[in-house]
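Participant: My questions all concern the structure below.
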Amino acid sequence: MEHLVDEFLNYLTVERGLSKNTIAAYGTDLVHFISRMSAVGIKDAGRIKRQDVMNYLLYLKDKGIGSNSISRALVAIKMFYKFLVQEHLAKEDVSGVIESPRLIRGLPDVLNIDEVDKLLGMPDLRDNIGIRDRAALELMYASGMRVSEIVDIPKGDVNLDVGFIKCKGKGDKERIVPIGKKAKEAITRYLEKVRPEMLKGKEDPHLFISRLGKKISRQTFWKMIKRYAKLARIKKEITPHTLRHSFATHLLEKGADLRVVQEMLGHADIATTQLYTHIDKTRLKSIHKQFHPRA
């Protein structure tokens, strides 16, 4: 079955144009699925029955895997079987009528404005790495970009003269996102003082560069944010996505239009953006009092 998974992932890359991260996630889920099928004595995709898929989902649940992860695994299996049937590599879509477990979408963790200020103030601007890290953190909060978008953004897609960046998101969809004064200042300082020294005469199109003069990795961003959150004594669970969550939440709390925030985040579905509308009850009451005719 491994070669069928390889063909499927190639199809997602070439014909569907999905992002590398999405394809990697589907690949991981499918490798785990066929490994489990092999462990129970099924090594041919054509021999897998609907009950085998159900048993696999129950197996994941028994292992304590969350409903979101199980749903993602089922989506990968469903897409895989649609591909197999479409390419006449399987006679039947054995996953077609299986429903996903109910998703319980928790509210994302966000930082308040004081916590953002503390976090962004942690990098040491007397140090080249600190200058680079401040620029990266400022850009993440100013733009709401995903960490995968930050690491991939070319230097040429940042227009500091007009204060906009061109961002390529999921499915290679491009969007234009404005950035503010603080981010422009931090990026300018990094570009003028640090990036040329890190490149050491070499060339690299990416905006953010490592000590070795190469494209910075997602893992480096993860460790960076964790380290600065610890220095800032922020007790919340922080990930690279936290600044994206905070960006969206703060815009909406200040009255930004949901559709505009959707556009800046690069969400295909506005329901995803609505996750960020966890406005406190006090503000909801004040809005109701201000606008409802019988309040």
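Every chain in the structure tokens has a letter given in the order shown (A, B, ...), and although residue numbers restart at 1 in each chain, ligands are simply numbered from 1 in the order shown.
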Step one, run DSSP on the backbone; step two, keep only residues of region 84-221 of chain A assigned to strand (DSSP E or B); then write them as a VMD selection string.

Facilitator: chain A and resid 154 158 to 159 164 to 168 174 to 178 206 209 215

Participant: For the residues in that selection, give me C-alpha atoms as an mmCIF file, in the first residue's frame.

Facilitator:
```cif
data_model
loop_
_atom_site.group_PDB
_atom_site.id
_atom_site.type_symbol
_atom_site.label_atom_id
_atom_site.label_comp_id
_atom_site.auth_asym_id
_atom_site.auth_seq_id
_atom_site.Cartn_x
_atom_site.Cartn_y
_atom_site.Cartn_z
ATOM 1 C CA PRO A 154 11.016 36.115 0.383
ATOM 2 C CA VAL A 158 8.184 42.900 1.905
ATOM 3 C CA ASN A 159 7.457 46.477 0.784
ATOM 4 C CA PHE A 164 2.575 45.965 3.003
ATOM 5 C CA ILE A 165 3.747 42.397 2.595
ATOM 6 C CA LYS A 166 2.731 39.847 -0.022
ATOM 7 C CA CYS A 167 1.991 36.596 1.731
ATOM 8 C CA LYS A 168 1.573 33.174 0.125
ATOM 9 C CA GLU A 174 -1.597 35.106 -2.224
ATOM 10 C CA ARG A 175 -2.861 37.928 -0.033
ATOM 11 C CA ILE A 176 -1.653 41.421 0.775
ATOM 12 C CA VAL A 177 -1.355 42.268 4.476
ATOM 13 C CA PRO A 178 -0.526 45.697 5.946
ATOM 14 C CA HIS A 206 14.284 34.388 2.312
ATOM 15 C CA ILE A 209 18.157 33.957 7.989
ATOM 16 C CA LYS A 215 16.589 29.956 5.725
#
```

Participant: Contacts of region 15-20 of chain A at 12 Å or less, counting only C-alpha atoms, minus same-chain residues fewer than 6 places along, as a PyMOL selection string?

Facilitator: chain A and resi 7-9+26-27+79+83+148-149+152+168-173

Participant: Write down as a ChimeraX atom specification the residues belonging to region 158-291 of chain A that are assigned alpha helix (DSSP H) by DSSP computed on the backbone.

Facilitator: /A:181-193,195-199,218-231,240-253,258-265,270-273,281-291

Participant: Please provide the set of residues having any atom within 8 Å of Asp29 (chain A), restricted to only C-alpha atoms, with same-chain residues fewer than 2 positions apart removed, written as a PDB file with C-alpha atoms, in the first residue's frame.

Facilitator:
```
ATOM      1  CA  ALA A  25       0.024  15.745   7.601  1.00  0.00           C
ATOM      2  CA  TYR A  26      -2.020  13.524   5.253  1.00  0.00           C
ATOM      3  CA  GLY A  27       1.061  11.408   4.613  1.00  0.00           C
ATOM      4  CA  VAL A  31       1.343   5.837   6.946  1.00  0.00           C
ATOM      5  CA  HIS A  32      -0.032   5.242  10.443  1.00  0.00           C
ATOM      6  CA  PHE A  33      -3.269   3.847   8.972  1.00  0.00           C
ATOM      7  CA  ARG A  72      -8.159  14.654  10.384  1.00  0.00           C
ATOM      8  CA  ALA A  73      -7.110  11.003  10.027  1.00  0.00           C
ATOM      9  CA  ALA A  76      -7.015  11.655   4.925  1.00  0.00           C
TER      10      ALA A  76
END
```

Participant: May I ask for the distance between CA of Val151 (chain A) and CA of Leu207 (chain A), given in Å to one decimal place?

Facilitator: 7.7 Å

Participant: Restricting the calculation to only C-alpha atoms: of A:Lys182, A:Pro205, A:Asp124, A:Val110, which residue gets closest to Gly156 (chain A)?

Facilitator: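 Closest residue, counting only C-alpha atoms: A:Pro205.
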
Participant: Within 8 Å of region 238-253 of chain A, which residues of region 77-166 of chain A come that close, and what is the closest atom pair and distance in Å for each? Count only C-alpha atoms and give it as CSV.

Facilitator:
```
residue,atom,partner,partner_atom,distance
A:Pro108,CA,A:His245,CA,6.6
A:Asp109,CA,A:Thr242,CA,6.4
A:Val110,CA,A:Ser246,CA,4.9
A:Leu111,CA,A:Ser246,CA,5.7
A:Asn112,CA,A:Ser246,CA,7.4
A:Ile113,CA,A:His250,CA,7.9
A:Val116,CA,A:Leu243,CA,8.0
A:Met140,CA,A:Leu243,CA,6.3
A:Tyr141,CA,A:Leu243,CA,5.3
A:Ala142,CA,A:Phe247,CA,6.9
A:Ser143,CA,A:Phe247,CA,7.3
A:Gly144,CA,A:Arg244,CA,4.3
A:Met145,CA,A:Arg244,CA,6.3
A:Arg146,CA,A:His241,CA,6.6
A:Val147,CA,A:Pro240,CA,6.1
```

Participant: Enter the distance from CA of Asp93 (chain A) to CA of Tyr81 (chain A), in Å, rounded to one decimal.

Facilitator: 5.4 Å

Participant: So that I can check the surroundings of Ser38 (chain A), please list as a PyMOL selection string every protein, DNA and RNA residue that reaches within 12 Å of it, counting only C-alpha atoms and ignoring chain neighbours fewer than 4 positions away.

Facilitator: chain A and resi 1-2+31-34+42-45+47-48+52+56

Participant: Please report the interatomic distance between CA of Lys230 (chain A) and CA of Leu119 (chain A) in Å with one decimal.

Facilitator: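 Result for CA of Lys230 (chain A) versus CA of Leu119 (chain A): 9.0 Å, one decimal.
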
Participant: Show me, as a list in words, the residues that have an atom within 12 Å of Gly213 (chain A) when counting only C-alpha atoms, minus same-chain residues fewer than 4 positions from it.

Facilitator: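 Surrounding residues, per the criterion: Val194, Arg195, Pro196, Glu197, Met198, Leu199, Lys200, Gly201, Lys202, Glu203, Asp204, Pro205, His206, Leu207, Phe208, Ile209 and Ser217 of chain A.
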
Participant: Restrict the selected residues to C-alpha atoms and save them as a PDB file, in the first residue's frame.

Facilitator:
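Once written, result-v2.pdb looks like this:
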```
ATOM      1  CA  VAL A 194      22.004  42.094  10.709  1.00  0.00           C
ATOM      2  CA  ARG A 195      20.914  40.209   7.601  1.00  0.00           C
ATOM      3  CA  PRO A 196      23.994  41.104   5.499  1.00  0.00           C
ATOM      4  CA  GLU A 197      26.290  39.945   8.324  1.00  0.00           C
ATOM      5  CA  MET A 198      24.422  36.641   8.647  1.00  0.00           C
ATOM      6  CA  LEU A 199      24.650  35.987   4.911  1.00  0.00           C
ATOM      7  CA  LYS A 200      28.442  36.551   4.940  1.00  0.00           C
ATOM      8  CA  GLY A 201      28.479  37.360   1.231  1.00  0.00           C
ATOM      9  CA  LYS A 202      26.174  34.490   0.284  1.00  0.00           C
ATOM     10  CA  GLU A 203      22.729  34.883  -1.248  1.00  0.00           C
ATOM     11  CA  ASP A 204      19.385  33.607   0.005  1.00  0.00           C
ATOM     12  CA  PRO A 205      15.970  34.911  -1.071  1.00  0.00           C
ATOM     13  CA  HIS A 206      14.284  34.388   2.312  1.00  0.00           C
ATOM     14  CA  LEU A 207      13.683  37.298   4.654  1.00  0.00           C
ATOM     15  CA  PHE A 208      14.741  35.591   7.882  1.00  0.00           C
ATOM     16  CA  ILE A 209      18.157  33.957   7.989  1.00  0.00           C
ATOM     17  CA  SER A 217      13.383  26.780  10.332  1.00  0.00           C
TER      18      SER A 217
END
```
